[in-house]
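Structure file my_file.cif (mmCIF, C-alpha atoms) is printed below.
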data_structure
loop_
_atom_site.label_atom_id
_atom_site.label_comp_id
_atom_site.auth_asym_id
_atom_site.auth_seq_id
_atom_site.Cartn_x
_atom_site.Cartn_y
_atom_site.Cartn_z
CA MET I 157 -120.52 -115.40 129.21
CA SER I 158 -121.46 -116.27 125.63
CA ASP I 159 -123.41 -119.47 124.94
CA LEU I 160 -121.29 -119.68 121.79
CA ALA I 161 -117.93 -121.45 121.88
CA LEU I 162 -115.09 -121.55 119.37
CA ALA I 163 -112.95 -124.65 118.90
CA LEU I 164 -109.89 -124.21 116.69
CA ILE I 165 -108.51 -127.17 114.74
CA PRO I 166 -105.18 -126.20 113.16
CA GLY I 167 -104.38 -128.35 110.16
CA HIS I 168 -101.64 -130.86 109.49
CA GLY I 169 -99.02 -131.39 112.23
CA PRO I 170 -98.84 -134.78 113.97
CA ARG I 171 -99.32 -137.96 111.99
CA ALA I 172 -98.87 -141.57 113.03
CA ASP I 173 -95.20 -141.67 112.08
CA ARG I 174 -94.12 -138.11 111.30
CA TRP I 175 -94.75 -134.40 111.45
CA ASP I 176 -96.77 -133.20 108.46
CA PRO I 177 -95.74 -129.62 107.59
CA GLY I 178 -98.64 -129.07 105.19
CA ALA I 179 -97.96 -126.55 102.46
CA VAL I 180 -94.51 -124.93 102.43
CA GLY I 181 -94.28 -121.40 101.09
CA VAL I 182 -91.06 -119.77 99.88
CA ASN I 183 -90.57 -116.17 98.80
CA GLY I 184 -87.54 -113.88 98.89
CA GLY I 185 -85.54 -116.19 101.12
CA ILE I 186 -88.47 -116.69 103.52
CA SER I 187 -89.68 -120.26 104.01
CA ILE I 188 -92.67 -121.09 106.19
CA GLU I 189 -94.65 -124.22 107.02
CA GLU I 190 -98.43 -124.21 107.06
CA ALA I 191 -98.65 -126.40 110.18
CA GLU I 192 -96.47 -124.06 112.22
CA ARG I 193 -98.17 -120.84 111.12
CA VAL I 194 -101.73 -122.07 111.73
CA ARG I 195 -100.73 -123.09 115.25
CA VAL I 196 -99.36 -119.61 115.87
CA LEU I 197 -102.61 -118.18 114.53
CA ALA I 198 -104.72 -120.51 116.67
CA GLU I 199 -102.91 -119.52 119.84
CA ARG I 200 -103.36 -115.83 119.07
CA VAL I 201 -107.08 -116.33 118.47
CA ARG I 202 -107.39 -118.22 121.74
CA LEU I 203 -105.64 -115.50 123.73
CA LEU I 204 -107.79 -112.75 122.22
CA ALA I 205 -110.96 -114.70 122.95
CA VAL I 206 -109.89 -115.34 126.55
CA GLU I 207 -109.18 -111.62 126.99
CA ARG I 208 -112.82 -111.01 126.07
CA GLY I 209 -114.08 -113.75 128.37
CA LEU I 210 -115.12 -115.92 125.43
CA PRO I 211 -114.78 -119.74 125.42
CA CYS I 212 -112.14 -120.87 122.94
CA THR I 213 -109.95 -123.97 122.81
CA ILE I 214 -107.36 -125.44 120.45
CA HIS I 215 -107.39 -129.08 119.31
CA GLY I 216 -104.37 -129.70 117.13
CA THR I 217 -102.42 -132.57 118.68
CA ALA I 218 -104.58 -135.63 117.97
CA LYS I 219 -103.40 -137.44 114.87
CA GLN I 220 -106.84 -137.72 113.24
CA TYR I 221 -109.18 -134.82 112.45
CA ARG I 222 -112.20 -136.72 113.77
CA GLN I 223 -110.38 -137.10 117.08
CA ARG I 224 -109.75 -133.36 117.13
CA GLN I 225 -113.46 -132.72 116.56
CA ALA I 226 -114.44 -135.16 119.31
CA GLU I 227 -112.10 -133.38 121.74
CA ALA I 228 -113.59 -130.02 120.76
CA VAL I 229 -117.15 -131.17 121.35
CA ALA I 230 -116.23 -132.64 124.74
CA ALA I 231 -114.54 -129.39 125.77
CA HIS I 232 -117.72 -127.30 125.34
CA PRO I 233 -120.76 -129.17 126.66
CA GLY I 234 -124.00 -127.25 126.38
CA LYS I 235 -122.52 -124.61 124.06
CA ARG I 236 -123.36 -123.68 120.49
CA LEU I 237 -120.09 -124.73 118.93
CA VAL I 238 -118.21 -123.32 115.97
CA LEU I 239 -115.45 -125.64 114.78
CA ALA I 240 -112.91 -123.60 112.83
CA HIS I 241 -110.40 -125.59 110.79
CA LEU I 242 -107.33 -123.44 110.11
CA HIS I 243 -105.25 -123.97 106.97
CA LEU I 244 -103.09 -121.89 104.64
CA ASN I 245 -103.00 -123.91 101.41
CA ALA I 246 -106.25 -122.61 99.94
CA GLY I 247 -107.64 -123.45 96.54
CA LEU I 248 -106.86 -125.88 93.78
CA ALA I 249 -103.31 -127.13 93.35
CA GLY I 250 -101.08 -124.71 91.50
CA ARG I 251 -103.64 -121.90 91.44
CA GLY I 252 -102.51 -119.75 94.32
CA SER I 253 -103.71 -116.18 94.30
CA ASP I 254 -103.90 -113.09 96.48
CA TYR I 255 -107.23 -113.78 98.14
CA GLY I 256 -108.41 -116.06 100.93
CA LEU I 257 -111.32 -118.41 101.42
CA VAL I 258 -113.79 -119.39 104.10
CA LEU I 259 -115.49 -122.68 103.26
CA HIS I 260 -118.62 -124.26 104.72
CA ASP I 261 -120.72 -127.39 104.28
CA PRO I 262 -123.27 -126.61 101.51
CA ARG I 263 -126.03 -128.08 103.70
CA SER I 264 -125.27 -125.85 106.68
CA THR I 265 -127.11 -122.53 106.93
CA ALA I 266 -125.31 -121.75 110.19
CA GLY I 267 -121.97 -122.54 108.57
CA ALA I 268 -122.74 -120.25 105.65
CA ASP I 269 -123.74 -117.47 108.04
CA THR I 270 -120.51 -117.80 110.01
CA ALA I 271 -118.50 -117.88 106.79
CA ARG I 272 -120.12 -114.65 105.61
CA ARG I 273 -119.39 -112.92 108.91
CA LEU I 274 -115.76 -114.02 108.71
CA VAL I 275 -115.24 -112.74 105.17
CA ASP I 276 -116.47 -109.35 106.34
CA ALA I 277 -114.62 -109.31 109.67
CA ILE I 278 -111.21 -110.49 108.47
CA PRO I 279 -110.62 -107.74 105.85
CA ALA I 280 -112.02 -105.16 108.30
CA ALA I 281 -109.53 -106.25 110.94
CA MET I 282 -106.69 -106.23 108.42
CA ALA I 283 -107.59 -102.71 107.27
CA ALA I 284 -107.92 -101.46 110.85
CA ALA I 285 -104.41 -102.72 111.52
CA GLY I 286 -103.05 -101.18 108.33
CA GLN I 287 -102.45 -104.63 106.86
CA PRO I 288 -104.61 -104.87 103.69
CA TYR I 289 -102.48 -107.64 102.22
CA LEU I 290 -105.14 -109.44 100.17
CA ARG I 291 -107.73 -108.31 97.67
CA SER I 292 -110.55 -110.15 99.40
CA GLN I 293 -111.82 -113.11 101.36
CA ARG I 294 -114.40 -115.29 99.63
CA VAL I 295 -117.16 -117.61 100.85
CA VAL I 296 -117.16 -121.03 99.20
CA ALA I 297 -119.60 -123.90 99.66
CA ALA I 298 -117.38 -126.99 99.77
CA ALA I 299 -119.33 -129.06 97.26
CA ARG I 300 -117.91 -132.34 96.02
CA PRO I 301 -116.07 -133.32 93.89
CA THR I 302 -114.20 -130.03 93.52
CA TRP I 303 -113.76 -129.56 97.26
CA ASP I 304 -113.40 -133.16 98.43
CA ARG I 305 -110.57 -132.42 100.84
CA ALA I 306 -112.41 -129.54 102.48
CA ALA I 307 -115.63 -131.57 102.62
CA ASN I 308 -113.78 -134.35 104.44
CA LEU I 309 -113.09 -131.90 107.26
CA LEU I 310 -116.43 -130.11 107.31
CA GLU I 311 -118.94 -132.93 106.89
CA PRO I 312 -118.35 -134.70 110.24
CA ALA I 313 -119.78 -131.62 112.00
CA TRP I 314 -123.11 -132.06 110.19
CA ALA I 315 -124.20 -134.58 112.82
CA LEU I 316 -123.61 -132.19 115.73
CA PRO I 317 -126.92 -131.08 117.27
CA HIS I 318 -125.64 -127.65 118.30
CA GLY I 319 -122.60 -126.99 116.16
CA HIS I 320 -121.21 -126.38 112.72
CA ALA I 321 -117.83 -126.12 111.03
CA VAL I 322 -116.01 -123.70 108.78
CA LEU I 323 -112.64 -124.00 107.10
CA LEU I 324 -110.49 -120.88 106.97
CA GLU I 325 -107.85 -120.57 104.26
CA PRO I 326 -106.85 -116.91 104.73
CA ALA I 327 -103.83 -117.05 102.40
CA PHE I 328 -102.23 -119.09 99.64
CA LEU I 329 -98.69 -120.20 100.42
CA ASP I 330 -97.92 -120.59 96.73
CA HIS I 331 -98.47 -116.86 96.25
CA PRO I 332 -95.75 -114.37 97.31
CA ALA I 333 -98.25 -112.13 99.09
CA GLY I 334 -99.41 -115.01 101.25
CA VAL I 335 -95.91 -115.98 102.33
CA THR I 336 -94.73 -112.47 103.13
CA ALA I 337 -97.97 -111.71 104.96
CA VAL I 338 -98.45 -114.62 107.32
CA VAL I 339 -94.84 -114.67 108.47
CA ARG I 340 -95.48 -111.28 110.12
CA SER I 341 -96.83 -111.10 113.67
CA ALA I 342 -98.91 -108.00 112.84
CA VAL I 343 -100.76 -109.93 110.14
CA ILE I 344 -101.32 -112.94 112.39
CA ASP I 345 -102.69 -110.61 115.07
CA ALA I 346 -105.05 -108.91 112.61
CA LEU I 347 -106.25 -112.24 111.25
CA ALA I 348 -106.90 -113.42 114.79
CA ARG I 349 -108.89 -110.31 115.62
CA GLY I 350 -110.96 -110.79 112.49
CA ILE I 351 -111.68 -114.40 113.39
CA VAL I 352 -112.78 -113.53 116.93
CA ALA I 353 -114.99 -110.72 115.67
CA GLY I 354 -116.43 -112.85 112.89
CA VAL I 355 -117.38 -115.72 115.20
CA PHE I 356 -118.45 -113.84 118.33
CA GLY I 357 -119.41 -110.44 116.94
CA GLY I 358 -118.25 -107.07 118.17
CA SER I 359 -115.27 -105.01 117.13
CA ALA I 360 -112.11 -106.49 115.66
CA ALA I 361 -110.06 -103.83 117.45
#
Take the structure in the file and give it back as structure tokens.
Amino acid sequence: MSDLALALIPGHGPRADRWDPGAVGVNGGISIEEAERVRVLAERVRLLAVERGLPCTIHGTAKQYRQRQAEAVAAHPGKRLVLAHLHLNAGLAGRGSDYGLVLHDPRSTAGADTARRLVDAIPAAMAAAGQPYLRSQRVVAAARPTWDRAANLLEPAWALPHGHAVLLEPAFLDHPAGVTAVVRSAVIDALARGIVAGVFGGSAA
């Protein structure tokens, strides 16, 4: 059993008084909500990790992100914890493109290392599945003020003694390629395999 654990925090979803869909992508008659797709992705990651005997949990029902992080930490005592925030509305508003991002706290060496493994593993898994739908994945240090919203999610993990956080934005929902890709189960499966391989190591197959 690995001493490393993965806690998935899918974005958006429940709020105090409503369901927050996050970004909504539309292309060729297809309309998808970020909150729904990242929960599908999270569940696929969890199942793949469990198949490999690797500790992985999902924390996407609490209404506040800090609550989700607290639940994740409590679920994996004694483990080296990777908190993976899952989103699909990458980048600056109105600048969607056909690449994805993995963001980390600029202060976190471990976060940067995990981010680099993910940007290698995700395209490899996509290619192995015959799903090369994006040009690339990119590592980004979520420095303020440009990345305030990402930093708000990542920075609370800085205080963890044995953990760090990354934020995955594997597709833009304001780009046609992102919408048509993440609606497909084969793409979700390949993304999930890349995430498991990037966090835990080993093959994405």
Exercise. How far is it from CA of Ala327 (chain I) to CA of Tyr255 (chain I), in Å with one decimal?
Worked result: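 CA of Tyr255 (chain I) lies 6.4 Å from CA of Ala327 (chain I).
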For this session: Check the smallest atom-to-atom distance from each of I:His318, I:Arg294, I:Arg305, I:Arg349 to His232 (chain I) using only C-alpha atoms, then report the winner.
Result: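 Using only C-alpha atoms, His232 (chain I) sits closest to I:His318.
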Given the point (-97.2, -114.4, 102.4) in the coordinates of this file, which residues lie within 12 Å, counting only C-alpha atoms, and how would they look as a JSON list (two decimals) with C-alpha atoms, in the coordinates of the input?
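Everything below was put into out-v9.json:
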[["chain", "number", "residue", "atom", "x", "y", "z"],
["I", 180, "VAL", "CA", -94.51, -124.93, 102.43],
["I", 181, "GLY", "CA", -94.28, -121.40, 101.09],
["I", 182, "VAL", "CA", -91.06, -119.77, 99.88],
["I", 183, "ASN", "CA", -90.57, -116.17, 98.80],
["I", 184, "GLY", "CA", -87.54, -113.88, 98.89],
["I", 185, "GLY", "CA", -85.54, -116.19, 101.12],
["I", 186, "ILE", "CA", -88.47, -116.69, 103.52],
["I", 187, "SER", "CA", -89.68, -120.26, 104.01],
["I", 188, "ILE", "CA", -92.67, -121.09, 106.19],
["I", 189, "GLU", "CA", -94.65, -124.22, 107.02],
["I", 190, "GLU", "CA", -98.43, -124.21, 107.06],
["I", 193, "ARG", "CA", -98.17, -120.84, 111.12],
["I", 244, "LEU", "CA", -103.09, -121.89, 104.64],
["I", 245, "ASN", "CA", -103.00, -123.91, 101.41],
["I", 252, "GLY", "CA", -102.51, -119.75, 94.32],
["I", 253, "SER", "CA", -103.71, -116.18, 94.30],
["I", 254, "ASP", "CA", -103.90, -113.09, 96.48],
["I", 255, "TYR", "CA", -107.23, -113.78, 98.14],
["I", 256, "GLY", "CA", -108.41, -116.06, 100.93],
["I", 287, "GLN", "CA", -102.45, -104.63, 106.86],
["I", 289, "TYR", "CA", -102.48, -107.64, 102.22],
["I", 290, "LEU", "CA", -105.14, -109.44, 100.17],
["I", 326, "PRO", "CA", -106.85, -116.91, 104.73],
["I", 327, "ALA", "CA", -103.83, -117.05, 102.40],
["I", 328, "PHE", "CA", -102.23, -119.09, 99.64],
["I", 329, "LEU", "CA", -98.69, -120.20, 100.42],
["I", 330, "ASP", "CA", -97.92, -120.59, 96.73],
["I", 331, "HIS", "CA", -98.47, -116.86, 96.25],
["I", 332, "PRO", "CA", -95.75, -114.37, 97.31],
["I", 333, "ALA", "CA", -98.25, -112.13, 99.09],
["I", 334, "GLY", "CA", -99.41, -115.01, 101.25],
["I", 335, "VAL", "CA", -95.91, -115.98, 102.33],
["I", 336, "THR", "CA", -94.73, -112.47, 103.13],
["I", 337, "ALA", "CA", -97.97, -111.71, 104.96],
["I", 338, "VAL", "CA", -98.45, -114.62, 107.32],
["I", 339, "VAL", "CA", -94.84, -114.67, 108.47],
["I", 340, "ARG", "CA", -95.48, -111.28, 110.12],
["I", 341, "SER", "CA", -96.83, -111.10, 113.67],
["I", 343, "VAL", "CA", -100.76, -109.93, 110.14],
["I", 344, "ILE", "CA", -101.32, -112.94, 112.39]]
For this session: Run the PyMOL selection byres ((chain I and resi 220) around 12) on the file and write out the hits as a PyMOL selection string.
Result: chain I and resi 165-172+215-219+221-227+308-309
Take the residues that were just selected and, keeping C-alpha atoms, output them as a short mmCIF file (atom, residue, chain, number, x, y, z; two decimals), keeping the file's coordinate frame.
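Once written, out.cif looks like this:
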data_model
loop_
_atom_site.label_atom_id
_atom_site.label_comp_id
_atom_site.auth_asym_id
_atom_site.auth_seq_id
_atom_site.Cartn_x
_atom_site.Cartn_y
_atom_site.Cartn_z
CA ILE I 165 -108.51 -127.17 114.74
CA PRO I 166 -105.18 -126.20 113.16
CA GLY I 167 -104.38 -128.35 110.16
CA HIS I 168 -101.64 -130.86 109.49
CA GLY I 169 -99.02 -131.39 112.23
CA PRO I 170 -98.84 -134.78 113.97
CA ARG I 171 -99.32 -137.96 111.99
CA ALA I 172 -98.87 -141.57 113.03
CA HIS I 215 -107.39 -129.08 119.31
CA GLY I 216 -104.37 -129.70 117.13
CA THR I 217 -102.42 -132.57 118.68
CA ALA I 218 -104.58 -135.63 117.97
CA LYS I 219 -103.40 -137.44 114.87
CA TYR I 221 -109.18 -134.82 112.45
CA ARG I 222 -112.20 -136.72 113.77
CA GLN I 223 -110.38 -137.10 117.08
CA ARG I 224 -109.75 -133.36 117.13
CA GLN I 225 -113.46 -132.72 116.56
CA ALA I 226 -114.44 -135.16 119.31
CA GLU I 227 -112.10 -133.38 121.74
CA ASN I 308 -113.78 -134.35 104.44
CA LEU I 309 -113.09 -131.90 107.26
#
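Distance annotation: of I:Ser264, I:Thr213, I:Thr270, I:Gln293, the residue with the minimal separation from Ala307 (chain I) is I:Ser264; atom set is only C-alpha atoms.
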For this session: Find the residue from I:Gly178, I:Gly286, I:Pro312, I:Pro211 that sits nearest to Leu160 (chain I); use only C-alpha atoms when measuring.
Result: I:Pro211
